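Shown next: model08.cif, given as mmCIF, C-alpha atoms and all ligand atoms.
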data_entry
loop_
_atom_site.group_PDB
_atom_site.id
_atom_site.type_symbol
_atom_site.label_atom_id
_atom_site.label_comp_id
_atom_site.auth_asym_id
_atom_site.auth_seq_id
_atom_site.Cartn_x
_atom_site.Cartn_y
_atom_site.Cartn_z
ATOM 1 C CA MET A 57 -25.082 -33.478 -23.555
ATOM 2 C CA GLY A 58 -25.065 -34.203 -26.836
ATOM 3 C CA PHE A 59 -24.506 -35.566 -30.039
ATOM 4 C CA SER A 60 -26.822 -34.127 -32.583
ATOM 5 C CA LYS A 61 -27.094 -34.714 -36.237
ATOM 6 C CA LEU A 62 -27.889 -31.049 -36.642
ATOM 7 C CA LYS A 63 -24.960 -28.759 -37.091
ATOM 8 C CA ILE A 64 -24.798 -26.154 -34.416
ATOM 9 C CA PRO A 65 -23.561 -22.704 -35.391
ATOM 10 C CA ARG A 66 -20.792 -21.617 -33.038
ATOM 11 C CA VAL A 67 -17.872 -19.265 -32.842
ATOM 12 C CA CYS A 68 -14.423 -20.727 -32.186
ATOM 13 C CA GLU A 69 -13.185 -19.696 -28.751
ATOM 14 C CA HIS A 70 -9.667 -19.508 -30.058
ATOM 15 C CA CYS A 71 -9.762 -17.859 -33.477
ATOM 16 C CA SER A 72 -13.290 -16.359 -33.269
ATOM 17 C CA LYS A 73 -14.185 -17.866 -36.594
ATOM 18 C CA PRO A 74 -17.821 -19.002 -36.989
ATOM 19 C CA PHE A 75 -18.117 -22.735 -37.625
ATOM 20 C CA GLU A 76 -20.625 -25.546 -37.520
ATOM 21 C CA ALA A 77 -20.196 -27.702 -34.503
ATOM 22 C CA LYS A 78 -21.241 -31.314 -34.161
ATOM 23 C CA THR A 79 -22.019 -31.120 -30.463
ATOM 24 C CA VAL A 80 -23.102 -28.316 -28.175
ATOM 25 C CA THR A 81 -19.924 -28.719 -26.171
ATOM 26 C CA THR A 82 -17.580 -28.158 -29.103
ATOM 27 C CA ARG A 83 -15.574 -25.038 -28.369
ATOM 28 C CA PHE A 84 -13.067 -24.881 -31.194
ATOM 29 C CA CYS A 85 -13.306 -24.936 -34.955
ATOM 30 C CA SER A 86 -10.424 -27.319 -35.446
ATOM 31 C CA ALA A 87 -8.028 -29.630 -33.694
ATOM 32 C CA SER A 88 -5.340 -27.055 -34.284
ATOM 33 C CA CYS A 89 -7.343 -24.349 -32.462
ATOM 34 C CA ALA A 90 -8.126 -26.738 -29.624
ATOM 35 C CA ASN A 91 -4.432 -27.518 -29.359
ATOM 36 C CA LYS A 92 -3.372 -23.883 -29.410
ATOM 37 C CA ALA A 93 -6.023 -23.018 -26.829
ATOM 38 C CA ARG A 94 -4.765 -25.793 -24.547
ATOM 39 C CA LYS A 95 -1.199 -24.525 -24.890
ATOM 40 C CA GLU A 96 -2.321 -20.991 -24.065
ATOM 41 C CA ARG A 97 -4.181 -22.191 -20.986
ATOM 42 C CA LYS A 98 -1.091 -24.105 -19.831
ATOM 43 C CA LYS A 99 1.005 -20.984 -20.335
ATOM 44 C CA LEU A 100 -1.464 -18.914 -18.290
ATOM 45 C CA GLU A 101 -1.435 -21.536 -15.557
ATOM 46 C CA LYS A 102 2.349 -21.409 -15.512
ATOM 47 C CA ILE A 103 2.318 -17.600 -15.245
ATOM 48 C CA GLN A 104 -0.205 -17.800 -12.430
ATOM 49 C CA LYS A 105 1.956 -20.303 -10.585
ATOM 50 C CA GLN A 106 4.951 -18.031 -11.001
ATOM 51 C CA THR A 107 2.946 -15.097 -9.653
ATOM 52 C CA GLU A 108 1.856 -17.131 -6.674
ATOM 53 C CA GLY A 109 5.459 -18.111 -6.103
ATOM 54 C CA LEU A 110 6.513 -14.471 -6.175
ATOM 55 C CA LEU A 111 3.793 -13.517 -3.723
ATOM 56 C CA LEU A 112 4.893 -16.275 -1.411
ATOM 57 C CA LYS A 113 8.469 -15.095 -1.690
ATOM 58 C CA TYR A 114 7.336 -11.546 -0.992
ATOM 59 C CA SER A 115 5.337 -12.563 2.069
ATOM 60 C CA ASN A 116 8.354 -14.424 3.374
ATOM 61 C CA LYS A 117 10.344 -11.268 2.879
ATOM 62 C CA ILE A 118 7.790 -9.221 4.803
ATOM 63 C CA ALA A 119 7.774 -11.775 7.589
ATOM 64 C CA GLU A 120 11.551 -11.717 7.628
ATOM 65 C CA THR A 121 11.573 -7.911 7.802
ATOM 66 C CA GLN A 122 9.251 -7.998 10.791
ATOM 67 C CA THR A 123 11.744 -10.017 12.784
ATOM 68 C CA ARG A 124 14.857 -8.099 11.783
ATOM 69 C CA GLU A 125 16.169 -5.444 14.167
ATOM 70 C CA PHE A 126 17.587 -3.148 11.506
ATOM 71 C CA ILE A 127 15.572 -2.422 8.393
ATOM 72 C CA SER A 128 16.232 -0.275 5.363
ATOM 73 C CA VAL A 129 14.582 3.101 4.924
ATOM 74 C CA SER A 130 12.469 1.710 2.069
ATOM 75 C CA GLU A 131 11.309 -1.162 4.223
ATOM 76 C CA ALA A 132 10.416 1.287 6.986
ATOM 77 C CA THR A 133 8.304 3.377 4.621
ATOM 78 C CA VAL A 134 6.347 0.283 3.641
ATOM 79 C CA MET A 135 5.981 -1.109 7.152
ATOM 80 C CA PHE A 136 5.037 2.120 8.859
ATOM 81 C CA GLY A 137 3.480 4.118 6.047
ATOM 82 C CA ILE A 138 5.776 7.082 6.544
ATOM 83 C CA SER A 139 7.842 8.933 4.001
ATOM 84 C CA LYS A 140 11.586 8.609 3.552
ATOM 85 C CA ASP A 141 11.907 12.274 4.444
ATOM 86 C CA THR A 142 10.187 11.690 7.765
ATOM 87 C CA ILE A 143 12.494 8.783 8.543
ATOM 88 C CA HIS A 144 15.593 10.771 7.709
ATOM 89 C CA ARG A 145 14.333 13.674 9.795
ATOM 90 C CA MET A 146 13.692 11.396 12.757
ATOM 91 C CA LEU A 147 17.174 9.912 12.354
ATOM 92 C CA LYS A 148 18.717 13.363 12.196
ATOM 93 C CA ARG A 149 16.941 14.425 15.367
ATOM 94 C CA GLY A 150 17.866 11.225 17.135
ATOM 95 C CA ILE A 151 14.267 10.174 17.645
ATOM 96 C CA ILE A 152 15.072 6.821 16.154
ATOM 97 C CA SER A 153 18.464 5.210 15.935
ATOM 98 C CA GLY A 154 20.070 3.988 12.793
ATOM 99 C CA GLU A 155 23.286 3.140 11.110
ATOM 100 C CA ASN A 156 24.655 4.674 7.985
ATOM 101 C CA LEU A 157 26.387 1.926 6.105
ATOM 102 C CA GLY A 158 26.981 4.102 3.078
ATOM 103 C CA VAL A 159 25.078 6.009 0.433
ATOM 104 C CA ARG A 160 21.505 4.679 0.312
ATOM 105 C CA LEU A 161 22.422 2.103 2.910
ATOM 106 C CA THR A 162 20.873 3.622 5.981
ATOM 107 C CA ARG A 163 19.445 1.065 8.393
ATOM 108 C CA VAL A 164 16.981 2.050 11.076
ATOM 109 C CA ARG A 165 16.066 0.283 14.272
ATOM 110 C CA ARG A 166 12.670 -1.311 13.807
ATOM 111 C CA SER A 167 11.808 -1.323 17.520
ATOM 112 C CA ASP A 168 12.343 2.445 17.716
ATOM 113 C CA LEU A 169 9.789 2.966 14.973
ATOM 114 C CA GLU A 170 7.374 0.536 16.569
ATOM 115 C CA ALA A 171 7.682 2.350 19.871
ATOM 116 C CA LEU A 172 6.936 5.632 18.138
ATOM 117 C CA PHE A 173 3.855 4.265 16.505
ATOM 118 C CA THR A 174 2.410 2.483 19.479
ATOM 119 C CA GLY A 175 3.648 4.513 22.439
ATOM 120 C CA ILE A 176 2.207 7.947 21.778
ATOM 121 C CA LYS A 177 -0.870 8.862 23.724
ATOM 122 C CA MET A 178 -2.478 12.222 23.918
ATOM 123 C CA PRO A 179 -2.765 13.464 27.499
ATOM 124 C CA ALA A 180 -6.277 13.065 28.882
ATOM 125 C CA GLU A 181 -6.721 16.790 29.468
ATOM 126 C CA GLU A 182 -6.077 17.373 25.794
ATOM 127 C CA LYS A 183 -9.355 15.702 24.989
ATOM 128 C CA LYS A 184 -11.331 18.083 27.160
ATOM 129 C CA THR A 185 -10.092 21.182 25.390
ATOM 130 C CA LYS A 186 -12.366 22.173 22.620
ATOM 131 C CA PRO A 187 -10.626 22.118 19.278
ATOM 132 C CA ILE A 188 -10.049 25.549 17.837
ATOM 133 C CA PHE A 189 -11.127 25.821 14.255
ATOM 134 C CA GLU A 190 -10.655 29.546 13.850
ATOM 135 C CA ILE A 191 -8.804 30.707 10.771
ATOM 136 C CA GLY A 192 -5.237 31.391 11.760
ATOM 137 C CA GLU A 193 -5.417 28.644 14.390
ATOM 138 C CA CYS A 194 -5.680 25.924 11.783
ATOM 139 C CA TYR A 195 -3.571 24.256 9.174
ATOM 140 C CA THR A 196 -4.830 22.724 5.977
ATOM 141 C CA ILE A 197 -3.386 19.341 5.061
ATOM 142 C CA SER A 198 -1.139 20.984 2.477
ATOM 143 C CA ASP A 199 0.028 23.500 5.117
ATOM 144 C CA ILE A 200 1.103 20.580 7.299
ATOM 145 C CA CYS A 201 2.806 18.819 4.406
ATOM 146 C CA ALA A 202 4.757 21.952 3.543
ATOM 147 C CA LYS A 203 5.692 22.832 7.105
ATOM 148 C CA PHE A 204 6.799 19.390 8.208
ATOM 149 C CA TYR A 205 8.027 18.024 4.872
ATOM 150 C CA ALA A 206 5.569 15.179 5.013
ATOM 151 C CA ASP A 207 3.471 13.718 2.266
ATOM 152 C CA PRO A 208 -0.348 13.906 2.476
ATOM 153 C CA ALA A 209 -0.677 10.187 3.259
ATOM 154 C CA THR A 210 1.652 10.556 6.250
ATOM 155 C CA VAL A 211 -0.244 13.594 7.474
ATOM 156 C CA ASN A 212 -3.633 11.927 7.115
ATOM 157 C CA ASN A 213 -2.362 8.809 8.875
ATOM 158 C CA ALA A 214 -0.989 10.857 11.746
ATOM 159 C CA ILE A 215 -4.259 12.785 12.078
ATOM 160 C CA LYS A 216 -6.198 9.534 12.173
ATOM 161 C CA ARG A 217 -3.810 7.849 14.576
ATOM 162 C CA HIS A 218 -3.791 10.738 17.021
ATOM 163 C CA LYS A 219 -7.512 11.317 16.617
ATOM 164 C CA VAL A 220 -6.945 14.956 15.783
ATOM 165 C CA PRO A 221 -10.299 16.651 15.246
ATOM 166 C CA THR A 222 -10.643 18.090 11.765
ATOM 167 C CA LYS A 223 -13.123 20.285 10.020
ATOM 168 C CA LYS A 224 -13.922 20.074 6.351
ATOM 169 C CA VAL A 225 -14.693 23.308 4.568
ATOM 170 C CA GLY A 226 -15.261 22.870 0.869
ATOM 171 C CA SER A 227 -12.406 20.746 -0.386
ATOM 172 C CA PHE A 228 -10.108 21.768 2.476
ATOM 173 C CA VAL A 229 -9.548 19.836 5.667
ATOM 174 C CA TYR A 230 -8.562 21.959 8.632
ATOM 175 C CA ALA A 231 -6.789 20.746 11.750
ATOM 176 C CA PRO A 232 -5.947 22.795 14.859
ATOM 177 C CA LYS A 233 -2.379 24.114 14.753
ATOM 178 C CA ASN A 234 -1.663 23.416 18.416
ATOM 179 C CA LEU A 235 -2.471 19.704 18.129
ATOM 180 C CA ILE A 236 -0.604 19.255 14.843
ATOM 181 C CA ASP A 237 2.473 21.060 16.155
ATOM 182 C CA LYS A 238 2.539 18.775 19.156
ATOM 183 C CA ILE A 239 2.527 15.662 16.991
ATOM 184 C CA PHE A 240 4.890 16.731 14.266
ATOM 185 C CA ASP A 241 7.342 18.682 16.405
ATOM 186 C CA GLY A 242 8.064 15.437 18.109
ATOM 187 C CA LEU A 243 9.166 13.854 14.889
HETATM 188 ZN ZN ZN B 1 -10.576 -21.790 -34.529
#
Represent the supplied structure as structure tokens.
Amino acid sequence: MGFSKLKIPRVCEHCSKPFEAKTVTTRFCSASCANKARKERKKLEKIQKQTEGLLLKYSNKIAETQTREFISVSEATVMFGISKDTIHRMLKRGIISGENLGVRLTRVRRSDLEALFTGIKMPAEEKKTKPIFEIGECYTISDICAKFYADPATVNNAIKRHKVPTKKVGSFVYAPKNLIDKIFDGL
């Protein structure tokens, strides 16, 4: 690359000021700008390292959570993608066991949640029955949310997980009441 006796018009990468460069690889108008730019890059590198460190710390935390028998309600919402309300409801109904160590200090048994999320299978005969999509026999997603105090993400996850047949009409998604009741009554 090169040295050229011609001055090359450039714009400083640091201060955006136009200047005449001596070589095509000159990036800054002055030593001061080059210096400042180097400092900025170092700072960015430091921030990136810190971010990576945080991520590493976070992944350790996730790994740690996965091996712990009792987890907090917040941790359960993250791990299992269910709402706090759902967890508290399941605790209340004794579907999962937990300990109340004080206000906002509820701990739930991780294995109970895992069992819930892996152990449910729809009976084989259920698959043979044709889903009923008649009005009055169906819920919309918001119906389900309202009835079972669940958030839409929880409802959609449950529908997916249990392979509940749905029908989309306009912007509404309908799911058969009988299948939804079976899933959510259990919770
Ligand atoms: Zn400059």
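We find CA of Arg124 in chain A and CA of Arg149 in chain A to be spaced 22.9 Å apart.
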Need to verify the contact set: range 194-209 of chain A, 6 Å, only C-alpha atoms, exclusion of same-chain residues closer than 6 positions in sequence. Can you return it as a VMD selection string? chain A and resid 229 to 233
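Residue membership of the PyMOL selection byres (((not hetatm)) within 6 of (chain B and resi 1)) in the shown file amounts to Cys68, His70, Cys71, Lys73, Phe84, Cys85, Ser86 and Cys89 of chain A.
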Nearby residues (all atoms listed in the file) at most 9 Å from Lys63 in chain A, same-chain spacing under 5 positions excluded, as a list in words: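 Selected residues are Glu76, Ala77, Lys78 and Thr79 of chain A.
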Those same residues, written as an mmCIF file, in the coordinates of the input with C-alpha atoms?
data_model
loop_
_atom_site.group_PDB
_atom_site.id
_atom_site.type_symbol
_atom_site.label_atom_id
_atom_site.label_comp_id
_atom_site.auth_asym_id
_atom_site.auth_seq_id
_atom_site.Cartn_x
_atom_site.Cartn_y
_atom_site.Cartn_z
ATOM 1 C CA GLU A 76 -20.625 -25.546 -37.520
ATOM 2 C CA ALA A 77 -20.196 -27.702 -34.503
ATOM 3 C CA LYS A 78 -21.241 -31.314 -34.161
ATOM 4 C CA THR A 79 -22.019 -31.120 -30.463
#
Could you list, as a PyMOL selection string, every residue matched by the PyMOL selection byres (((chain A and resi 212-220) around 9) and not hetatm) in this structure? chain A and resi 137-138+173+176-178+187+197+207-211+221-222+231-232+235-236+239-240
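A straight line drawn from CA of Ser153 in chain A to CA of Arg165 in chain A is 5.7 Å long.
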Box dimensions and centre (Å, one decimal) enclosing range 163-177 of chain A, axis-aligned, 6 Å extra per side, as lines of an AutoDock Vina configuration file:
center_x = 9.3
center_y = 3.8
center_z = 16.1
size_x = 32.3
size_y = 22.2
size_z = 27.3
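Excluding Ser130 in chain A itself and any same-chain residue fewer than 6 positions from it, the protein and nucleic acid residues within 12 Å of it, counting all atoms listed in the file, are Thr121, Phe136, Gly137, Ile138, Ser139, Lys140, Asp141, Thr142, Ile143, His144, Arg160, Leu161, Thr162, Arg163 and Val164 of chain A.
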